[in-house]
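Engineer: Here it is, the structure in full.
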Amino acid sequence: MDFTKTTEQDSHYNHLETKSISNLLTAINNEDETVPKAVKKVLPELENLISKVVFQLKSGGRLFYIGSGTSGRLGILDASECPPTFGVPQGLVIGLIAGGDTAIRKAVEFAEDDPKQGWKDLKNYDISSKDIVVGIAASGTTPYVIGALKACQMKQISTGCITCNAKSTITKVSDYPIEVVVGPEVVTGSSRMKAGTAQKLILNMITTTAMIKLGHIMGNKMVDMQLSNDKLVNRGIRMLMNELQIKEVKAKALILKYQNVRAAINAYENEK
């Protein structure tokens, strides 16, 4: 199988150190504009992956992201934002990174090179065939991720991947591969840039779409969000005012009593 790492190919730009800030920004922005178009090309494959994610979650399973470096951090970011945004339990969406929690802030040398550690990390969560595991690897060749997905397949655990190279190794161990090819980076090999942006866009789509289909959005509002700060409490109050056509005083009283927008709406409707 022919395989070329476009994420490692030489930048279309050279002598970057001699360019003005304006020219550098223009170059980066021009490249960034290509990312949504690359994501658009993989929407059919993404629909298949998300359909499987929804099925597994509705069946009592969990969604795991596993990656290293930037890819691992993006998975952890997406997973960590699900409970506050959608009101789902901690542990419904789980992000794992090569090197463990230390690697979230500081690179852990050679952590991504161990093909056995990814499966060991997954086993700590009593993973089963009810779950689904999505490997995130811009290169498509990360041993930590590939080893984990390979072990999952051997255990009849559904797998997906997000990679930015076509025909990479990771697709061989993914039931639902997503190959979003964004081409060379402005800084050669710096896949935290376009590749990372593409991964973030796809992760947004996976959890947002899945949570909508699981019923955690009403209309277009985050009615299950955790009211964890004043901004979100005030947002909840506005939601109630608009949805129920009530005054601010009443909306605030409902929020204070029920601590949840959906619960407040249901309670008010039942009282009518």
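Residue names in the structure tokens use chain letters A, B, ... in the order shown, residue numbers from 1 in each chain, and ligand numbers from 1 in the order shown.
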Name the residues in contact with Leu63 of chain A at a cut-off of 7 Å, using only C-alpha atoms, excluding same-chain residues fewer than 3 positions from it; report them as a PDB file with N, CA and C atoms, in the first residue's frame.
Structural biologist:
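Printed below is around-v1.pdb as written:
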ATOM      1  N   VAL A  53     -21.306   5.771  17.272  1.00  0.00           N
ATOM      2  CA  VAL A  53     -21.123   6.355  18.609  1.00  0.00           C
ATOM      3  C   VAL A  53     -22.470   6.489  19.318  1.00  0.00           C
ATOM      4  N   LEU A  92     -18.741   9.400  30.712  1.00  0.00           N
ATOM      5  CA  LEU A  92     -19.447   8.964  29.511  1.00  0.00           C
ATOM      6  C   LEU A  92     -18.545   9.126  28.290  1.00  0.00           C
ATOM      7  N   VAL A  93     -17.794  10.216  28.271  1.00  0.00           N
ATOM      8  CA  VAL A  93     -16.787  10.453  27.236  1.00  0.00           C
ATOM      9  C   VAL A  93     -15.452  10.621  27.948  1.00  0.00           C
ATOM     10  N   ILE A  94     -14.472   9.814  27.561  1.00  0.00           N
ATOM     11  CA  ILE A  94     -13.193   9.752  28.281  1.00  0.00           C
ATOM     12  C   ILE A  94     -12.050   9.986  27.306  1.00  0.00           C
ATOM     13  N   ASP A 131     -18.499  -0.344  24.553  1.00  0.00           N
ATOM     14  CA  ASP A 131     -17.853   0.946  24.344  1.00  0.00           C
ATOM     15  C   ASP A 131     -17.383   1.101  22.903  1.00  0.00           C
ATOM     16  N   ILE A 132     -16.939   2.303  22.564  1.00  0.00           N
ATOM     17  CA  ILE A 132     -16.308   2.559  21.272  1.00  0.00           C
ATOM     18  C   ILE A 132     -15.080   3.426  21.518  1.00  0.00           C
ATOM     19  N   VAL A 133     -13.997   3.137  20.806  1.00  0.00           N
ATOM     20  CA  VAL A 133     -12.720   3.822  20.996  1.00  0.00           C
ATOM     21  C   VAL A 133     -12.315   4.503  19.697  1.00  0.00           C
TER      22      VAL A 133
END
Engineer: Each residue of segment 9-128 of chain A with at least one atom at most 9 Å from segment 136-151 of chain A should appear once, together with its nearest atom pair and the corresponding distance in Å (one decimal); atoms considered: only C-alpha atoms; ordering: chain, then increasing residue number; output as a tab-separated table.
Structural biologist:
residue	atom	partner	partner_atom	distance
A:Tyr65	CA	A:Ile136	CA	6.9
A:Ile66	CA	A:Ile136	CA	6.1
A:Gly67	CA	A:Ile136	CA	4.9
A:Ser68	CA	A:Ala137	CA	7.2
A:Gly69	CA	A:Ala137	CA	8.9
A:Thr70	CA	A:Ala137	CA	8.8
A:Ser71	CA	A:Ile136	CA	5.5
A:Gly72	CA	A:Ile136	CA	6.8
A:Leu74	CA	A:Ile136	CA	8.7
A:Gly75	CA	A:Ile136	CA	7.5
A:Ala98	CA	A:Tyr144	CA	6.7
A:Ala111	CA	A:Tyr144	CA	7.6
A:Glu112	CA	A:Tyr144	CA	4.9
A:Asp113	CA	A:Pro143	CA	5.2
A:Asp114	CA	A:Tyr144	CA	5.2
A:Pro115	CA	A:Tyr144	CA	4.5
A:Lys116	CA	A:Gly147	CA	5.8
A:Gln117	CA	A:Tyr144	CA	6.2
A:Gly118	CA	A:Ala148	CA	4.7
A:Trp119	CA	A:Ala148	CA	4.4
A:Lys120	CA	A:Ala148	CA	8.1
A:Asp121	CA	A:Ala148	CA	8.6
A:Leu122	CA	A:Ala148	CA	7.7
Engineer: Could you save the residues just selected, with C-alpha atoms, as a short mmCIF file (atom, residue, chain, number, x, y, z; two decimals), in the first residue's frame?
Structural biologist:
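The new file selection31.cif reads:
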data_model
loop_
_atom_site.label_atom_id
_atom_site.label_comp_id
_atom_site.auth_asym_id
_atom_site.auth_seq_id
_atom_site.Cartn_x
_atom_site.Cartn_y
_atom_site.Cartn_z
CA TYR A 65 -10.65 9.10 22.70
CA ILE A 66 -7.03 7.98 22.73
CA GLY A 67 -4.07 9.89 21.33
CA SER A 68 -0.66 11.39 22.01
CA GLY A 69 0.64 14.95 22.03
CA THR A 70 -1.69 17.47 20.44
CA SER A 71 -4.10 14.74 19.35
CA GLY A 72 -4.38 13.37 22.87
CA LEU A 74 -7.65 17.63 21.89
CA GLY A 75 -9.45 14.41 22.81
CA ALA A 98 0.13 8.78 26.03
CA ALA A 111 5.43 7.81 25.61
CA GLU A 112 3.76 7.50 22.22
CA ASP A 113 6.20 4.80 21.08
CA ASP A 114 4.91 2.03 23.37
CA PRO A 115 2.41 -0.13 21.40
CA LYS A 116 1.16 -1.89 24.54
CA GLN A 117 0.51 1.02 26.89
CA GLY A 118 -2.64 2.28 25.15
CA TRP A 119 -4.48 -0.98 25.79
CA LYS A 120 -3.21 -1.02 29.39
CA ASP A 121 -4.64 2.48 29.86
CA LEU A 122 -8.00 1.42 28.41
#
Engineer: Apply DSSP to the backbone of this structure and, from segment 34-264 of chain A, keep only the residues in strand (DSSP E or B); write these as a list in words.
Structural biologist: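 DSSP on the backbone gives strand (DSSP E or B) at Leu63, Phe64, Tyr65, Ile66, Gly67, Val93, Ile94, Gly95, Leu96, Ile97, Ile132, Val133, Val134, Gly135, Ile136, Ser158, Thr159, Gly160, Cys161, Ile162, Thr163, Tyr176, Pro177, Ile178, Glu179, Met218 and Lys221 of chain A.
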Engineer: May I have the selected residues written with C-alpha atoms, as a CSV table (one decimal), in the first residue's frame?
Structural biologist:
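To be explicit, this is the file written out as part_16.csv:
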chain,number,residue,atom,x,y,z
A,63,LEU,CA,-16.9,6.9,24.0
A,64,PHE,CA,-13.1,6.8,24.5
A,65,TYR,CA,-10.6,9.1,22.7
A,66,ILE,CA,-7.0,8.0,22.7
A,67,GLY,CA,-4.1,9.9,21.3
A,93,VAL,CA,-16.8,10.5,27.2
A,94,ILE,CA,-13.2,9.8,28.3
A,95,GLY,CA,-10.0,11.1,26.8
A,96,LEU,CA,-6.7,9.3,27.2
A,97,ILE,CA,-3.2,10.6,26.3
A,132,ILE,CA,-16.3,2.6,21.3
A,133,VAL,CA,-12.7,3.8,21.0
A,134,VAL,CA,-11.6,6.6,18.6
A,135,GLY,CA,-7.9,6.9,18.0
A,136,ILE,CA,-6.6,10.4,17.2
A,158,SER,CA,-15.7,-0.9,18.0
A,159,THR,CA,-13.0,1.4,16.8
A,160,GLY,CA,-12.7,4.6,14.8
A,161,CYS,CA,-9.9,7.0,14.0
A,162,ILE,CA,-9.2,10.6,13.0
A,163,THR,CA,-6.0,10.9,11.0
A,176,TYR,CA,-14.8,3.7,11.1
A,177,PRO,CA,-11.7,5.6,9.8
A,178,ILE,CA,-11.8,9.3,9.2
A,179,GLU,CA,-9.0,10.5,6.9
A,218,MET,CA,-34.0,21.3,23.4
A,221,LYS,CA,-30.4,25.4,23.7
Engineer: Taking a cut-off of 9 Å and counting only C-alpha atoms, can you build a table that, for each residue of segment 168-223 of chain A near segment 22-31 of chain A, reports the nearest atom pair and how far apart they are in Å (one decimal), sorted by chain then residue number, as a tab-separated table?
Structural biologist:
residue	atom	partner	partner_atom	distance
A:Val182	CA	A:Glu31	CA	8.8
A:Glu185	CA	A:Glu31	CA	7.7
A:Val186	CA	A:Ile28	CA	6.4
A:Met193	CA	A:Ile28	CA	8.8
A:Lys194	CA	A:Glu31	CA	7.3
Engineer: Store the residues picked out above in a file with C-alpha atoms, as a short mmCIF file (atom, residue, chain, number, x, y, z; two decimals), in the first residue's frame.
Structural biologist:
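Heads up, here's the output in part.cif:
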data_model
loop_
_atom_site.label_atom_id
_atom_site.label_comp_id
_atom_site.auth_asym_id
_atom_site.auth_seq_id
_atom_site.Cartn_x
_atom_site.Cartn_y
_atom_site.Cartn_z
CA VAL A 182 -5.06 18.89 5.07
CA GLU A 185 1.81 22.75 7.41
CA VAL A 186 3.21 26.28 7.17
CA MET A 193 -1.69 23.66 13.21
CA LYS A 194 -3.96 22.60 10.31
#
Engineer: Using only C-alpha atoms, determine which residues lie at most 12 Å from segment 230-243 of chain A, disregarding the query and same-chain residues fewer than 5 positions distant; provide the list as number ranges by chain.
Structural biologist: A: 84-85, 218-225, 248-269
Engineer: Just write the chosen residues, N, CA and C atoms, as a compact mmCIF listing (two decimals), in the first residue's frame.
Structural biologist:
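The file below, out-v7.txt, is the result:
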# COMPACT_ATOMS: atom_id res chain seq x y z
N PRO A 84 -20.11 19.61 31.51
CA PRO A 84 -20.67 20.95 31.74
C PRO A 84 -21.59 21.42 30.63
N THR A 85 -21.33 21.03 29.40
CA THR A 85 -22.13 21.50 28.27
C THR A 85 -23.45 20.77 28.15
N MET A 218 -32.55 21.08 23.63
CA MET A 218 -33.96 21.34 23.37
C MET A 218 -34.04 22.56 22.45
N GLY A 219 -34.60 22.36 21.27
CA GLY A 219 -34.58 23.45 20.28
C GLY A 219 -33.17 23.62 19.81
N ASN A 220 -32.51 24.67 20.27
CA ASN A 220 -31.07 24.82 20.03
C ASN A 220 -30.34 25.21 21.31
N LYS A 221 -30.96 24.91 22.45
CA LYS A 221 -30.45 25.36 23.74
C LYS A 221 -29.86 24.22 24.58
N MET A 222 -28.84 24.56 25.38
CA MET A 222 -28.17 23.60 26.25
C MET A 222 -28.94 23.48 27.57
N VAL A 223 -30.09 22.85 27.51
CA VAL A 223 -30.97 22.82 28.68
C VAL A 223 -30.47 21.89 29.78
N ASP A 224 -29.49 21.06 29.49
CA ASP A 224 -28.93 20.17 30.50
C ASP A 224 -27.59 20.64 31.04
N MET A 225 -27.15 21.84 30.63
CA MET A 225 -25.83 22.33 31.04
C MET A 225 -25.76 22.48 32.55
N GLU A 248 -38.31 37.85 34.54
CA GLU A 248 -36.99 37.46 35.06
C GLU A 248 -37.07 36.97 36.50
N VAL A 249 -37.90 37.61 37.30
CA VAL A 249 -38.00 37.22 38.71
C VAL A 249 -38.46 35.75 38.84
N LYS A 250 -39.46 35.40 38.05
CA LYS A 250 -39.97 34.03 38.08
C LYS A 250 -38.92 33.05 37.55
N ALA A 251 -38.25 33.43 36.47
CA ALA A 251 -37.23 32.56 35.88
C ALA A 251 -36.09 32.32 36.86
N LYS A 252 -35.69 33.37 37.55
CA LYS A 252 -34.60 33.24 38.52
C LYS A 252 -35.02 32.33 39.68
N ALA A 253 -36.24 32.46 40.11
CA ALA A 253 -36.74 31.61 41.19
C ALA A 253 -36.74 30.14 40.78
N LEU A 254 -37.13 29.88 39.54
CA LEU A 254 -37.15 28.50 39.05
C LEU A 254 -35.74 27.93 38.97
N ILE A 255 -34.80 28.73 38.49
CA ILE A 255 -33.41 28.26 38.39
C ILE A 255 -32.85 27.96 39.77
N LEU A 256 -33.10 28.86 40.72
CA LEU A 256 -32.59 28.66 42.07
C LEU A 256 -33.19 27.41 42.72
N LYS A 257 -34.43 27.12 42.39
CA LYS A 257 -35.11 25.98 42.99
C LYS A 257 -34.67 24.66 42.36
N TYR A 258 -34.58 24.63 41.04
CA TYR A 258 -34.35 23.35 40.36
C TYR A 258 -32.91 23.15 39.88
N GLN A 259 -32.13 24.22 39.83
CA GLN A 259 -30.71 24.14 39.48
C GLN A 259 -30.46 23.47 38.12
N ASN A 260 -31.46 23.52 37.25
CA ASN A 260 -31.34 22.90 35.94
C ASN A 260 -32.43 23.45 35.04
N VAL A 261 -32.07 23.83 33.82
CA VAL A 261 -33.04 24.46 32.93
C VAL A 261 -34.14 23.49 32.54
N ARG A 262 -33.78 22.28 32.15
CA ARG A 262 -34.80 21.32 31.73
C ARG A 262 -35.76 21.00 32.89
N ALA A 263 -35.21 20.79 34.05
CA ALA A 263 -36.05 20.47 35.21
C ALA A 263 -36.99 21.63 35.52
N ALA A 264 -36.48 22.86 35.39
CA ALA A 264 -37.31 24.04 35.64
C ALA A 264 -38.44 24.14 34.63
N ILE A 265 -38.13 23.89 33.35
CA ILE A 265 -39.16 23.93 32.31
C ILE A 265 -40.24 22.88 32.58
N ASN A 266 -39.79 21.65 32.87
CA ASN A 266 -40.76 20.58 33.11
C ASN A 266 -41.65 20.87 34.31
N ALA A 267 -41.05 21.39 35.37
CA ALA A 267 -41.80 21.69 36.57
C ALA A 267 -42.84 22.78 36.31
N TYR A 268 -42.43 23.82 35.60
CA TYR A 268 -43.35 24.91 35.29
C TYR A 268 -44.49 24.43 34.43
N GLU A 269 -44.18 23.62 33.42
CA GLU A 269 -45.23 23.11 32.53
C GLU A 269 -46.21 22.22 33.29
Engineer: One decimal, in Å: what's the spacing between atom CA of Arg73 of chain A and atom CA of Ile157 of chain A?
Structural biologist: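 So the answer is 22.8 Å.
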Engineer: For Cys82 of chain A, which residue among A:Ala38, A:Ile202, A:Val173, A:Met211 is the nearest when counting only C-alpha atoms?
Structural biologist: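 Smallest separation from Cys82 of chain A among the options: A:Met211.
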Engineer: Taking the DSSP secondary structure from the backbone, can you list the residues of segment 205-272 of chain A that are alpha helix (DSSP H), as a ChimeraX atom specification?
Structural biologist: /A:205-213,230-244,248-258,261-271
Engineer: Near Ile206 of chain A, within 10 Å and counting only C-alpha atoms, which residues show up once chain neighbours fewer than 6 positions away are dropped, as an NGL selection string?
Structural biologist: :A and (46-47 or 49-51 or 53-54 or 78 or 200)
Engineer: Output C-alpha atoms for every residue in that selection, as a short mmCIF file (atom, residue, chain, number, x, y, z; two decimals), in the first residue's frame.
Structural biologist:
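Now in part11.cif:
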data_model
loop_
_atom_site.label_atom_id
_atom_site.label_comp_id
_atom_site.auth_asym_id
_atom_site.auth_seq_id
_atom_site.Cartn_x
_atom_site.Cartn_y
_atom_site.Cartn_z
CA LEU A 46 -18.07 10.97 9.79
CA GLU A 47 -21.81 10.28 9.68
CA LEU A 49 -18.78 6.96 12.82
CA ILE A 50 -21.20 9.19 14.72
CA SER A 51 -24.11 6.83 14.05
CA VAL A 53 -21.12 6.35 18.61
CA VAL A 54 -24.80 7.19 19.20
CA ASP A 78 -13.52 17.48 23.98
CA LYS A 200 -10.87 19.82 16.69
#
Engineer: So how many Å separate atom CA of Pro44 of chain A and atom CA of Gly91 of chain A, to one decimal?
Structural biologist: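 Going from atom CA of Pro44 of chain A over to atom CA of Gly91 of chain A, I get 27.8 Å.
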